[in-house]
>>> print(open('target_35.cif').read())   # mmCIF, C-alpha atoms
data_target
#
loop_
_atom_site.label_atom_id
_atom_site.label_comp_id
_atom_site.auth_asym_id
_atom_site.auth_seq_id
_atom_site.Cartn_x
_atom_site.Cartn_y
_atom_site.Cartn_z
CA MET M 1 74.74 181.85 182.66
CA ALA M 2 76.68 184.74 181.16
CA THR M 3 79.14 182.43 179.40
CA ALA M 4 76.35 180.48 177.76
CA GLU M 5 75.11 183.57 175.92
CA ARG M 6 78.51 184.08 174.27
CA VAL M 7 78.62 180.56 172.79
CA LYS M 8 77.72 180.56 169.08
CA GLN M 9 75.35 177.80 168.24
CA ASP M 10 76.32 175.78 165.09
CA MET M 11 73.29 176.02 162.91
CA PRO M 12 72.40 174.74 159.41
CA PRO M 13 73.20 177.13 156.57
CA LYS M 14 70.51 179.42 155.35
CA GLY M 15 68.10 177.57 153.13
CA GLY M 16 69.08 174.23 154.72
CA TYR M 17 71.58 171.57 153.76
CA ARG M 18 71.71 170.41 150.18
CA LYS M 19 69.85 167.24 149.44
CA ILE M 20 71.68 163.94 149.79
CA ASN M 21 71.89 162.25 146.42
CA PHE M 22 70.91 158.68 147.10
CA ALA M 23 69.12 157.87 143.83
CA ARG M 24 70.71 155.24 141.53
CA VAL M 25 72.60 156.78 138.65
CA PHE M 26 72.30 154.88 135.38
CA PRO M 27 75.17 155.10 132.88
CA LYS M 28 74.39 156.78 129.63
CA PRO M 29 73.39 154.02 127.19
CA PHE M 30 75.76 153.43 124.26
CA ALA M 31 72.89 152.55 121.96
CA SER M 32 69.35 151.39 122.36
CA SER M 33 68.90 147.75 123.32
CA ARG M 34 67.20 146.97 120.04
CA ALA M 35 70.14 148.34 118.10
CA MET M 36 72.59 146.34 120.23
CA VAL M 37 70.70 143.08 119.83
CA GLY M 38 70.32 143.77 116.14
CA THR M 39 74.02 144.42 115.73
CA TYR M 40 74.81 141.24 117.62
CA LEU M 41 72.53 139.19 115.40
CA VAL M 42 73.92 140.66 112.21
CA CYS M 43 77.52 140.16 113.30
CA THR M 44 76.87 136.58 114.33
CA GLY M 45 75.05 135.83 111.12
CA VAL M 46 77.80 137.22 108.97
CA GLY M 47 80.35 135.33 111.09
CA TRP M 48 78.48 132.08 110.59
CA TYR M 49 78.29 132.64 106.87
CA LEU M 50 82.02 133.31 106.60
CA TYR M 51 82.70 130.23 108.74
CA LEU M 52 80.56 128.18 106.38
CA LEU M 53 82.45 129.45 103.35
CA ASN M 54 85.78 128.66 104.97
CA ASP M 55 84.54 125.27 106.07
CA ARG M 56 83.58 124.39 102.53
CA LEU M 57 86.96 125.52 101.28
CA VAL M 58 88.76 123.40 103.87
CA ASP M 59 86.57 120.43 102.92
CA ARG M 60 87.56 120.96 99.32
CA TYR M 61 91.25 120.89 100.20
CA GLN M 62 90.80 117.79 102.28
CA VAL M 63 88.93 115.98 99.54
CA GLU M 64 91.72 116.77 97.08
CA SER M 65 94.35 115.61 99.54
CA ARG M 66 92.51 112.38 100.30
CA SER M 67 91.94 111.83 96.61
CA SER M 68 95.69 111.92 95.93
CA LEU M 69 96.29 109.50 98.77
CA ILE M 70 93.67 107.08 97.43
CA ALA M 71 95.20 107.31 93.98
CA ILE M 72 98.62 106.09 95.11
CA THR M 73 97.35 103.59 97.70
CA PRO M 74 97.64 100.62 95.28
CA LEU M 75 101.24 101.51 94.51
CA LEU M 76 102.18 101.81 98.18
CA ASP M 77 100.24 98.68 99.12
CA ALA M 78 101.83 96.60 96.39
CA GLU M 79 105.31 97.48 97.57
CA ALA M 80 104.41 97.04 101.23
CA ASP M 81 102.88 93.61 100.61
CA ARG M 82 106.01 92.40 98.85
CA GLU M 83 108.18 93.71 101.65
CA TYR M 84 105.91 92.09 104.22
CA LEU M 85 106.08 88.67 102.58
CA LYS M 86 109.86 88.94 102.31
CA GLN M 87 110.07 89.67 106.01
CA LEU M 88 107.81 86.70 106.84
CA ARG M 89 110.08 84.39 104.87
CA LYS M 90 113.13 85.90 106.54
CA ASN M 91 111.59 85.38 109.99
CA ARG M 92 110.76 81.76 109.20
CA GLU M 93 114.27 81.06 107.96
CA THR M 94 115.79 82.71 111.00
CA GLU M 95 113.64 80.64 113.34
CA GLU M 96 114.58 77.46 111.51
CA LYS M 97 118.26 78.31 111.81
CA LEU M 98 118.02 79.26 115.48
CA MET M 99 116.04 76.19 116.58
CA LYS M 100 117.67 73.53 114.43
CA ASN M 101 119.46 71.97 117.42
CA VAL M 102 116.34 71.82 119.59
CA LYS M 103 114.86 68.37 119.54
CA GLY M 104 111.23 68.10 118.43
CA TRP M 105 110.91 71.76 117.50
CA LYS M 106 108.81 72.56 114.46
CA THR M 107 108.89 76.02 112.99
CA GLY M 108 105.75 78.06 113.65
CA THR M 109 104.48 75.69 116.31
CA LEU M 110 105.23 74.89 119.93
CA TYR M 111 106.96 71.51 119.64
CA GLY M 112 104.52 70.48 116.95
CA GLU M 113 101.42 71.96 118.53
CA PRO M 114 99.98 74.52 116.11
CA VAL M 115 98.98 77.98 117.29
CA TYR M 116 95.67 77.91 115.39
CA LYS M 117 94.00 74.53 115.61
CA THR M 118 90.77 74.95 113.68
CA VAL M 119 91.96 76.90 110.64
CA ASP M 120 93.31 75.39 107.47
CA LYS M 121 97.04 74.67 107.54
CA LYS M 122 97.72 76.77 104.48
CA GLU M 123 95.71 79.76 105.53
CA LEU M 124 98.00 82.64 106.39
CA ILE M 125 97.06 84.42 109.58
CA GLU M 126 99.13 87.54 109.95
CA PRO M 127 101.39 87.47 113.00
CA GLY M 128 101.13 90.18 115.62
CA LEU M 129 103.67 92.97 115.85
CA ASN M 130 105.66 91.36 118.65
CA GLU M 131 106.00 88.17 116.68
CA TYR M 132 106.77 89.98 113.47
CA TYR M 133 109.66 91.85 115.08
CA VAL M 134 110.90 88.92 117.18
CA HIS M 135 114.32 88.74 115.56
CA ALA M 136 114.79 92.49 115.22
CA PRO M 137 116.37 94.81 117.79
CA ASP M 138 113.92 96.33 120.28
CA LYS M 139 114.35 99.75 118.80
CA VAL M 140 112.86 98.67 115.47
CA LEU M 141 109.64 97.56 117.15
CA TYR M 142 109.47 100.68 119.33
CA ASP M 143 110.04 102.90 116.32
CA ARG M 144 107.16 101.21 114.55
CA VAL M 145 104.82 101.34 117.53
CA TYR M 146 105.71 104.88 118.61
CA TRP M 147 106.20 106.23 115.08
CA HIS M 148 104.46 109.45 116.03
CA LYS M 149 107.47 110.39 118.17
CA TYR M 150 109.25 111.44 115.03
CA LEU M 151 106.51 113.65 113.65
CA MET K 152 106.13 82.89 114.79
CA VAL K 153 102.87 81.54 113.46
CA VAL K 154 104.18 80.95 109.94
CA THR K 155 105.00 77.28 109.53
CA ASN K 156 106.68 75.37 106.73
CA ASP K 157 103.23 74.36 105.46
CA HIS K 158 102.53 77.92 104.39
CA GLU K 159 103.41 78.71 100.84
CA LEU K 160 105.46 81.87 100.82
CA PRO K 161 106.82 83.26 97.57
CA THR K 162 110.57 83.18 97.13
CA TYR K 163 112.78 86.24 97.26
CA GLU K 164 113.18 86.16 93.48
CA GLU K 165 109.43 86.33 93.01
CA LEU K 166 109.18 89.21 95.43
CA THR K 167 112.03 91.27 94.06
CA VAL K 168 111.01 93.67 91.32
CA GLU K 169 112.11 97.14 90.44
CA GLU K 170 110.43 99.50 92.88
CA VAL K 171 109.51 103.09 92.28
CA PRO K 172 112.33 105.23 93.71
CA ILE K 173 110.28 108.38 94.26
CA SER K 174 109.87 110.20 97.58
CA SER K 175 106.57 111.40 99.05
CA PRO K 176 106.42 114.89 97.50
CA GLY K 177 107.02 113.44 94.07
CA LEU K 178 104.40 110.73 94.55
CA ARG K 179 101.98 113.28 95.88
CA ALA K 180 102.62 115.63 93.00
CA ALA K 181 102.05 112.90 90.43
CA ALA K 182 99.28 111.13 92.35
CA HIS K 183 96.26 112.31 90.38
CA HIS K 184 97.82 111.57 87.02
CA ILE K 185 99.16 108.19 88.14
CA GLY K 186 95.70 107.28 89.38
CA LYS K 187 94.24 108.18 86.01
CA TYR K 188 97.00 106.52 83.98
CA CYS K 189 96.93 103.21 85.90
CA LEU K 190 93.23 103.20 86.74
CA ASP K 191 92.39 99.69 85.49
CA VAL K 192 95.49 98.05 86.90
CA ASN K 193 95.02 99.73 90.27
CA ASP K 194 91.36 98.72 90.42
CA GLU K 195 92.29 95.15 89.62
CA PHE K 196 94.86 95.06 92.41
CA MET K 197 92.65 96.67 95.02
CA MET K 198 89.77 94.35 94.08
CA CYS K 199 92.06 91.35 94.46
CA LYS K 200 93.29 92.58 97.83
CA GLN K 201 89.79 93.19 99.07
CA GLU K 202 88.38 89.93 97.87
CA THR K 203 91.14 87.51 98.84
CA LYS K 204 92.47 89.37 101.89
CA ASP K 205 95.73 87.53 101.26
CA PRO K 206 98.89 89.32 100.09
CA ARG K 207 100.25 86.13 98.53
CA LYS K 208 97.48 85.89 95.95
CA CYS K 209 97.79 89.40 94.56
CA LEU K 210 101.50 89.42 93.73
CA ASN K 211 101.07 89.56 89.97
CA GLU K 212 98.51 92.35 90.18
CA GLY K 213 100.83 94.21 92.51
CA LYS K 214 103.73 93.83 90.11
CA ALA K 215 101.55 95.18 87.32
CA VAL K 216 100.71 98.20 89.49
CA THR K 217 104.38 98.92 90.18
CA SER K 218 105.44 98.49 86.58
CA CYS K 219 102.62 100.76 85.42
CA ALA K 220 103.72 103.46 87.87
CA LEU K 221 107.33 103.05 86.70
CA GLU K 222 106.27 103.38 83.11
CA PHE K 223 104.36 106.55 83.96
CA PHE K 224 107.33 108.08 85.74
CA ARG K 225 109.67 107.21 82.87
CA LYS K 226 107.35 108.93 80.44
CA LEU K 227 107.10 111.88 82.79
CA LYS K 228 110.86 112.11 83.05
CA GLY K 229 111.17 112.09 79.30
CA ASN K 230 108.51 114.71 78.69
CA CYS K 231 107.95 117.01 81.64
CA PHE K 232 110.98 116.59 83.89
CA ASP K 233 111.50 120.26 84.80
CA GLU K 234 107.83 121.05 85.34
CA PHE K 235 107.41 118.04 87.57
CA GLN K 236 110.57 118.83 89.51
CA ILE K 237 109.47 122.41 90.19
CA TYR K 238 105.96 121.35 91.16
CA SER K 239 107.06 118.61 93.56
CA ASN K 240 109.65 120.95 95.06
CA CYS K 241 106.89 123.48 95.65
CA ILE K 242 104.70 120.87 97.33
CA ASP K 243 107.61 119.77 99.46
CA LYS K 244 108.59 123.20 100.71
CA SER K 245 105.43 125.30 100.78
CA SER K 246 103.73 123.75 103.76
CA SER K 247 104.30 121.24 106.50
CA ARG K 248 101.59 118.91 105.24
CA MET K 249 102.42 118.90 101.54
CA ASP K 250 99.26 120.82 100.69
CA PHE K 251 98.34 121.35 97.07
CA GLU K 252 96.82 124.72 97.78
CA PRO K 253 99.95 126.96 97.73
CA CYS K 254 101.20 125.47 94.44
CA ARG K 255 98.43 126.24 91.97
CA LYS K 256 100.67 128.18 89.62
CA THR K 257 103.31 125.48 89.22
CA GLN K 258 100.53 122.92 89.09
CA ALA K 259 98.95 124.68 86.15
CA VAL K 260 102.24 124.57 84.24
CA TYR K 261 102.75 120.91 85.11
CA ASP K 262 99.18 119.97 84.19
CA LYS K 263 99.47 121.74 80.87
CA CYS K 264 102.71 119.94 80.01
CA VAL K 265 101.35 116.52 80.98
CA PHE K 266 98.19 117.13 79.00
CA GLU K 267 99.98 118.31 75.90
CA LYS K 268 102.79 115.79 75.79
CA MET K 269 101.34 112.71 77.44
CA GLY K 270 97.65 113.26 76.88
CA ILE K 271 96.60 112.72 80.48
CA GLU K 272 94.14 115.19 81.84
CA ARG K 273 93.96 115.91 85.55
CA PRO K 274 90.83 114.12 86.84
CA GLU K 275 88.04 116.27 88.20
CA HIS K 276 88.10 117.37 91.82
CA GLY K 277 87.57 114.44 94.18
CA PHE K 278 87.50 111.85 91.40
CA PHE K 279 89.21 109.15 93.47
CA CYS K 280 87.01 109.83 96.48
CA LYS K 281 83.88 108.94 94.53
CA ALA K 282 82.61 105.38 94.25
CA ARG K 283 83.34 103.72 90.92
CA VAL K 284 81.89 100.62 89.35
CA TYR K 285 84.46 97.89 88.80
CA THR K 286 84.53 97.00 85.12
CA GLY K 287 87.23 94.31 85.02
CA ASN K 288 86.55 90.64 84.44
CA ARG K 289 87.75 89.22 87.72
CA PRO K 290 85.60 86.24 88.75
CA LYS K 291 83.54 86.67 91.87
CA PRO K 292 84.99 84.80 94.85
CA PRO K 293 82.95 81.84 96.12
CA VAL K 294 80.60 82.64 98.96
CA LYS K 295 81.49 80.82 102.16
CA GLU K 296 78.84 78.23 103.06
CA PRO K 297 77.34 78.58 106.53
CA GLN K 298 78.47 75.91 108.98
CA VAL K 299 76.07 73.01 109.42
CA PHE K 300 76.30 70.90 112.58
CA GLY K 301 75.08 67.33 112.50
CA ASP K 302 74.93 66.82 116.22
CA LEU K 303 71.74 68.69 117.05
CA PRO K 304 70.45 67.92 120.59
CA VAL K 305 67.78 65.22 120.70
CA GLY K 306 64.21 66.56 120.60
CA LEU K 307 65.20 69.97 119.28
CA LYS K 308 63.69 70.53 115.90
CA ASP K 309 65.64 72.66 113.48
CA PHE K 310 62.79 74.94 112.45
CA LYS K 311 62.83 76.99 109.39
CA GLU K 312 61.49 80.48 109.77
CA GLU K 313 58.22 79.89 107.91
CA GLU K 314 57.15 76.73 109.69
CA ARG K 315 57.73 78.08 113.16
CA PRO K 316 54.40 78.16 115.10
CA PRO K 317 53.18 81.50 116.43
CA ALA K 318 54.08 82.34 119.98
CA LYS K 319 51.60 81.10 122.55
CA TYR K 320 51.17 84.35 124.43
CA GLY K 321 51.97 86.77 121.65
CA GLN K 322 54.76 89.20 121.84
CA ARG K 323 55.53 91.65 124.60
CA ASN K 324 56.48 94.35 122.13
CA TRP K 325 53.15 94.17 120.29
CA PHE K 326 53.90 97.38 118.36
CA ILE K 327 56.87 95.85 116.56
CA LYS K 328 54.68 93.63 114.42
#
>>> encode(input="target_35.cif", output="C-alpha cells")
Amino acid sequence: MATAERVKQDMPPKGGYRKINFARVFPKPFASSRAMVGTYLVCTGVGWYLYLLNDRLVDRYQVESRSSLIAITPLLDAEADREYLKQLRKNRETEEKLMKNVKGWKTGTLYGEPVYKTVDKKELIEPGLNEYYVHAPDKVLYDRVYWHKYL
Amino acid sequence: MVVTNDHELPTYEELTVEEVPISSPGLRAAAHHIGKYCLDVNDEFMMCKQETKDPRKCLNEGKAVTSCALEFFRKLKGNCFDEFQIYSNCIDKSSSRMDFEPCRKTQAVYDKCVFEKMGIERPEHGFFCKARVYTGNRPKPPVKEPQVFGDLPVGLKDFKEEERPPAKYGQRNWFIK
C-alpha cells in the first residue's frame, strides 16, 4: 500500500467550486412596456392621420380627372355614334354585295328568317362584336377585344 | 349581320361632318372649359341618348355638340393658342396618366387667358361629377305600357291587390307585417 500513499487525490478547490449559473438571464429592457405601447399607438395614429390626408388628396385628383372625362363624353360619344352608324351601313352594303348571287338570301336574315322575331322590324338591336367585325380582318377584332395589350 | 334593309340608317352624307381634330392631351386640357361652354348642348345630347337609347335619333344633337366644340377650339386658337399649347404639352409629358396635378402653373396661365379673353371661368372642383337638373325643353318619352295578355287560364281570376282575400292560415313570416 506504499504506492497508494504517494497518489495525490484530486480535490475541490478551497472554498468549493463556483456556483453554476442556471438562472434565466433577461435582456436589459429598451424601454418600459407602457412607453413602448404608447409609442406604438402614437405612431400608428399619426400614420393613420397622414394616410387619411393623402387619401383625401388622391380622391380630389380622381374627382377632377373624372370630371374632365365626363365633360368631354358627349363630344366623344357623338363622334363615336356617327362612326358606328357609318360602319353599320358599310357592313350592310358589303353583305348585300357579297350575297347578291345567292338565291333567296335577304340581308340581315337567314334566307328570310329574321334573327329577332318578336321585336319591331325597325328597332335597331346592336350587333355583337363578332358580327360587327365580320368583314374586317381578324386583327381588327383582336385589337379591339385585347386593346389592353397596347397599354 | 342583324341589320336588315328595313332598318333606317342615315346616309354617309348625313353622317359626315367636320370632326374635332384634337388629340387626347388637348381634349383633356380643354375639357373643363368645353364642358362649361357647351353645357346646354351637351346636356341635350346626353339626355337624348339616355332616353331613346338609339344612336340614329340623336344625330342632330350630336352634330350640335361637335360644332359647339369646334367653335370653342377656334375661339381658343384665336385667343389663347400659346397658353393652351404649353398647358396641353405639360399634361401630355408630365405623367403617364395625363394628370392635372403636375401642371398647376401652366394651368393658371391658361385659365387666366381664357377667362380674360373668352370670359369662361373654370368650373368649381368636381362640377361635372355633381348631379345637375336638366333645364331643357325636351319632351318626356312615352312610358311603355305593361303587356296585357287576353288568354288568361280559365278559372283564374286576375285579382287586383286590394281585392285579394287574406291568406287562410296567415303568413309564416308574421313579423313582416
>>> closest_residue(input="target_35.cif", among="K:Phe279, K:Ile242, K:Asp194, K:Cys219", to="chain M", atoms="all atoms listed in the file")
K:Phe279
>>> resolve_selection(input="target_35.cif", expression="the PyMOL selection byres ((chain K) within 6 of (chain M))", output="VMD selection string")
chain K and resid 152 to 155 158 166 182 to 183 186 193 206 213 217 277 279 to 280
>>> write_last_selection(input="target_35.cif", atoms="C-alpha atoms", output="PDB file, in the coordinates of the input")
ATOM      1  CA  MET K 152     106.130  82.890 114.790  1.00  0.00           C
ATOM      2  CA  VAL K 153     102.870  81.540 113.460  1.00  0.00           C
ATOM      3  CA  VAL K 154     104.180  80.950 109.940  1.00  0.00           C
ATOM      4  CA  THR K 155     105.000  77.280 109.530  1.00  0.00           C
ATOM      5  CA  HIS K 158     102.530  77.920 104.390  1.00  0.00           C
ATOM      6  CA  LEU K 166     109.180  89.210  95.430  1.00  0.00           C
ATOM      7  CA  ALA K 182      99.280 111.130  92.350  1.00  0.00           C
ATOM      8  CA  HIS K 183      96.260 112.310  90.380  1.00  0.00           C
ATOM      9  CA  GLY K 186      95.700 107.280  89.380  1.00  0.00           C
ATOM     10  CA  ASN K 193      95.020  99.730  90.270  1.00  0.00           C
ATOM     11  CA  PRO K 206      98.890  89.320 100.090  1.00  0.00           C
ATOM     12  CA  GLY K 213     100.830  94.210  92.510  1.00  0.00           C
ATOM     13  CA  THR K 217     104.380  98.920  90.180  1.00  0.00           C
ATOM     14  CA  GLY K 277      87.570 114.440  94.180  1.00  0.00           C
ATOM     15  CA  PHE K 279      89.210 109.150  93.470  1.00  0.00           C
ATOM     16  CA  CYS K 280      87.010 109.830  96.480  1.00  0.00           C
TER      17      CYS K 280
END
>>> resolve_selection(input="target_35.cif", expression="the PyMOL selection byres ((chain K and resi 184) around 10)", output="JSON, numbers by chain")
{"M": [68, 71, 72], "K": [179, 180, 181, 182, 183, 185, 186, 187, 188, 189, 190, 223, 262, 265, 266, 271, 272, 273, 274]}
>>> atom_distance(input="target_35.cif", atom1="atom CA of Leu160 of chain K", atom2="atom CA of Thr94 of chain M")
14.5 Å
>>> residues_near_point(input="target_35.cif", point="(100.7, 122.3, 95.1)", cutoff="8 Å", atoms="all atoms listed in the file", output="list in words")
Ala180, Tyr238, Ser239, Cys241, Ile242, Ser245, Met249, Asp250, Phe251, Glu252, Pro253, Cys254, Arg255, Thr257 and Gln258 of chain K
>>> resolve_selection(input="target_35.cif", expression="the PyMOL selection byres ((chain K and resi 231) around 9)", output="ChimeraX atom specification")
/K:226-230,232-236,261,264-265,268-269
>>> write_last_selection(input="target_35.cif", atoms="C-alpha atoms", output="PDB file, keeping the file's coordinate frame")
ATOM      1  CA  LYS K 226     107.350 108.930  80.440  1.00  0.00           C
ATOM      2  CA  LEU K 227     107.100 111.880  82.790  1.00  0.00           C
ATOM      3  CA  LYS K 228     110.860 112.110  83.050  1.00  0.00           C
ATOM      4  CA  GLY K 229     111.170 112.090  79.300  1.00  0.00           C
ATOM      5  CA  ASN K 230     108.510 114.710  78.690  1.00  0.00           C
ATOM      6  CA  PHE K 232     110.980 116.590  83.890  1.00  0.00           C
ATOM      7  CA  ASP K 233     111.500 120.260  84.800  1.00  0.00           C
ATOM      8  CA  GLU K 234     107.830 121.050  85.340  1.00  0.00           C
ATOM      9  CA  PHE K 235     107.410 118.040  87.570  1.00  0.00           C
ATOM     10  CA  GLN K 236     110.570 118.830  89.510  1.00  0.00           C
ATOM     11  CA  TYR K 261     102.750 120.910  85.110  1.00  0.00           C
ATOM     12  CA  CYS K 264     102.710 119.940  80.010  1.00  0.00           C
ATOM     13  CA  VAL K 265     101.350 116.520  80.980  1.00  0.00           C
ATOM     14  CA  LYS K 268     102.790 115.790  75.790  1.00  0.00           C
ATOM     15  CA  MET K 269     101.340 112.710  77.440  1.00  0.00           C
TER      16      MET K 269
END
>>> residues_around(input="target_35.cif", residues="Val145 of chain M", least_positions_apart="4", cutoff="12 Å", atoms="only C-alpha atoms", output="number ranges by chain")
M: 128-130, 133, 138-141, 149-150
>>> atom_distance(input="target_35.cif", atom1="atom CA of Asp191 of chain K", atom2="atom CA of Pro290 of chain K")
15.4 Å
>>> residues_around(input="target_35.cif", residues="Pro293 of chain K", least_positions_apart="3", cutoff="12 Å", atoms="only C-alpha atoms", output="list in words")
Glu202, Thr203, Pro290 and Glu296 of chain K
>>> axis_aligned_box(input="target_35.cif", around="segment 178-195 of chain K", padding_each_side="3 Å", output="JSON")
{"center_x": 97.9, "center_y": 105.4, "center_z": 89.9, "size_x": 19.0, "size_y": 26.5, "size_z": 17.9}
>>> atom_distance(input="target_35.cif", atom1="atom CA of Leu178 of chain K", atom2="atom CA of Lys256 of chain K")
18.5 Å
>>> decode(input="target_35.cif", residues="segment 72-96 of chain M", atoms="N, CA and C atoms", output="PDB file, in the first residue's frame")
ATOM      1  N   ILE M  72     -66.092  65.807 -71.526  1.00  0.00           N
ATOM      2  CA  ILE M  72     -65.928  65.593 -72.975  1.00  0.00           C
ATOM      3  C   ILE M  72     -66.618  64.330 -73.467  1.00  0.00           C
ATOM      4  N   THR M  73     -67.316  63.629 -72.568  1.00  0.00           N
ATOM      5  CA  THR M  73     -68.031  62.418 -73.003  1.00  0.00           C
ATOM      6  C   THR M  73     -69.015  62.682 -74.144  1.00  0.00           C
ATOM      7  N   PRO M  74     -69.831  63.751 -74.095  1.00  0.00           N
ATOM      8  CA  PRO M  74     -70.762  63.991 -75.205  1.00  0.00           C
ATOM      9  C   PRO M  74     -70.051  64.141 -76.544  1.00  0.00           C
ATOM     10  N   LEU M  75     -68.929  64.856 -76.528  1.00  0.00           N
ATOM     11  CA  LEU M  75     -68.171  65.061 -77.760  1.00  0.00           C
ATOM     12  C   LEU M  75     -67.671  63.728 -78.323  1.00  0.00           C
ATOM     13  N   LEU M  76     -67.084  62.910 -77.440  1.00  0.00           N
ATOM     14  CA  LEU M  76     -66.564  61.619 -77.898  1.00  0.00           C
ATOM     15  C   LEU M  76     -67.695  60.712 -78.357  1.00  0.00           C
ATOM     16  N   ASP M  77     -68.792  60.730 -77.600  1.00  0.00           N
ATOM     17  CA  ASP M  77     -69.929  59.858 -77.930  1.00  0.00           C
ATOM     18  C   ASP M  77     -70.545  60.241 -79.263  1.00  0.00           C
ATOM     19  N   ALA M  78     -70.658  61.544 -79.500  1.00  0.00           N
ATOM     20  CA  ALA M  78     -71.286  61.997 -80.745  1.00  0.00           C
ATOM     21  C   ALA M  78     -70.492  61.493 -81.940  1.00  0.00           C
ATOM     22  N   GLU M  79     -69.172  61.638 -81.850  1.00  0.00           N
ATOM     23  CA  GLU M  79     -68.331  61.180 -82.955  1.00  0.00           C
ATOM     24  C   GLU M  79     -68.403  59.659 -83.094  1.00  0.00           C
ATOM     25  N   ALA M  80     -68.354  58.966 -81.961  1.00  0.00           N
ATOM     26  CA  ALA M  80     -68.358  57.507 -81.998  1.00  0.00           C
ATOM     27  C   ALA M  80     -69.663  56.978 -82.575  1.00  0.00           C
ATOM     28  N   ASP M  81     -70.780  57.616 -82.222  1.00  0.00           N
ATOM     29  CA  ASP M  81     -72.079  57.177 -82.738  1.00  0.00           C
ATOM     30  C   ASP M  81     -72.132  57.309 -84.253  1.00  0.00           C
ATOM     31  N   ARG M  82     -71.639  58.435 -84.752  1.00  0.00           N
ATOM     32  CA  ARG M  82     -71.645  58.647 -86.200  1.00  0.00           C
ATOM     33  C   ARG M  82     -70.792  57.595 -86.895  1.00  0.00           C
ATOM     34  N   GLU M  83     -69.643  57.339 -86.309  1.00  0.00           N
ATOM     35  CA  GLU M  83     -68.734  56.342 -86.894  1.00  0.00           C
ATOM     36  C   GLU M  83     -69.384  54.958 -86.876  1.00  0.00           C
ATOM     37  N   TYR M  84     -70.076  54.673 -85.785  1.00  0.00           N
ATOM     38  CA  TYR M  84     -70.733  53.375 -85.614  1.00  0.00           C
ATOM     39  C   TYR M  84     -71.805  53.175 -86.682  1.00  0.00           C
ATOM     40  N   LEU M  85     -72.626  54.212 -86.881  1.00  0.00           N
ATOM     41  CA  LEU M  85     -73.699  54.079 -87.872  1.00  0.00           C
ATOM     42  C   LEU M  85     -73.125  53.938 -89.273  1.00  0.00           C
ATOM     43  N   LYS M  86     -72.046  54.648 -89.554  1.00  0.00           N
ATOM     44  CA  LYS M  86     -71.392  54.511 -90.851  1.00  0.00           C
ATOM     45  C   LYS M  86     -70.949  53.069 -91.072  1.00  0.00           C
ATOM     46  N   GLN M  87     -70.356  52.498 -90.022  1.00  0.00           N
ATOM     47  CA  GLN M  87     -69.855  51.130 -90.149  1.00  0.00           C
ATOM     48  C   GLN M  87     -71.018  50.154 -90.353  1.00  0.00           C
ATOM     49  N   LEU M  88     -72.140  50.386 -89.665  1.00  0.00           N
ATOM     50  CA  LEU M  88     -73.301  49.503 -89.847  1.00  0.00           C
ATOM     51  C   LEU M  88     -73.753  49.532 -91.310  1.00  0.00           C
ATOM     52  N   ARG M  89     -73.836  50.727 -91.854  1.00  0.00           N
ATOM     53  CA  ARG M  89     -74.273  50.870 -93.245  1.00  0.00           C
ATOM     54  C   ARG M  89     -73.279  50.171 -94.178  1.00  0.00           C
ATOM     55  N   LYS M  90     -71.998  50.348 -93.871  1.00  0.00           N
ATOM     56  CA  LYS M  90     -70.960  49.723 -94.693  1.00  0.00           C
ATOM     57  C   LYS M  90     -71.092  48.201 -94.643  1.00  0.00           C
ATOM     58  N   ASN M  91     -71.311  47.678 -93.431  1.00  0.00           N
ATOM     59  CA  ASN M  91     -71.471  46.225 -93.280  1.00  0.00           C
ATOM     60  C   ASN M  91     -72.654  45.717 -94.090  1.00  0.00           C
ATOM     61  N   ARG M  92     -73.767  46.467 -94.025  1.00  0.00           N
ATOM     62  CA  ARG M  92     -74.971  46.030 -94.724  1.00  0.00           C
ATOM     63  C   ARG M  92     -74.729  46.030 -96.227  1.00  0.00           C
ATOM     64  N   GLU M  93     -74.066  47.071 -96.708  1.00  0.00           N
ATOM     65  CA  GLU M  93     -73.802  47.137 -98.150  1.00  0.00           C
ATOM     66  C   GLU M  93     -72.868  46.013 -98.595  1.00  0.00           C
ATOM     67  N   THR M  94     -71.878  45.739 -97.753  1.00  0.00           N
ATOM     68  CA  THR M  94     -70.944  44.662 -98.086  1.00  0.00           C
ATOM     69  C   THR M  94     -71.657  43.325 -98.162  1.00  0.00           C
ATOM     70  N   GLU M  95     -72.548  43.090 -97.192  1.00  0.00           N
ATOM     71  CA  GLU M  95     -73.272  41.820 -97.185  1.00  0.00           C
ATOM     72  C   GLU M  95     -74.148  41.698 -98.434  1.00  0.00           C
ATOM     73  N   GLU M  96     -74.796  42.791 -98.776  1.00  0.00           N
ATOM     74  CA  GLU M  96     -75.656  42.784 -99.960  1.00  0.00           C
ATOM     75  C   GLU M  96     -74.856  42.435-101.215  1.00  0.00           C
TER      76      GLU M  96
END
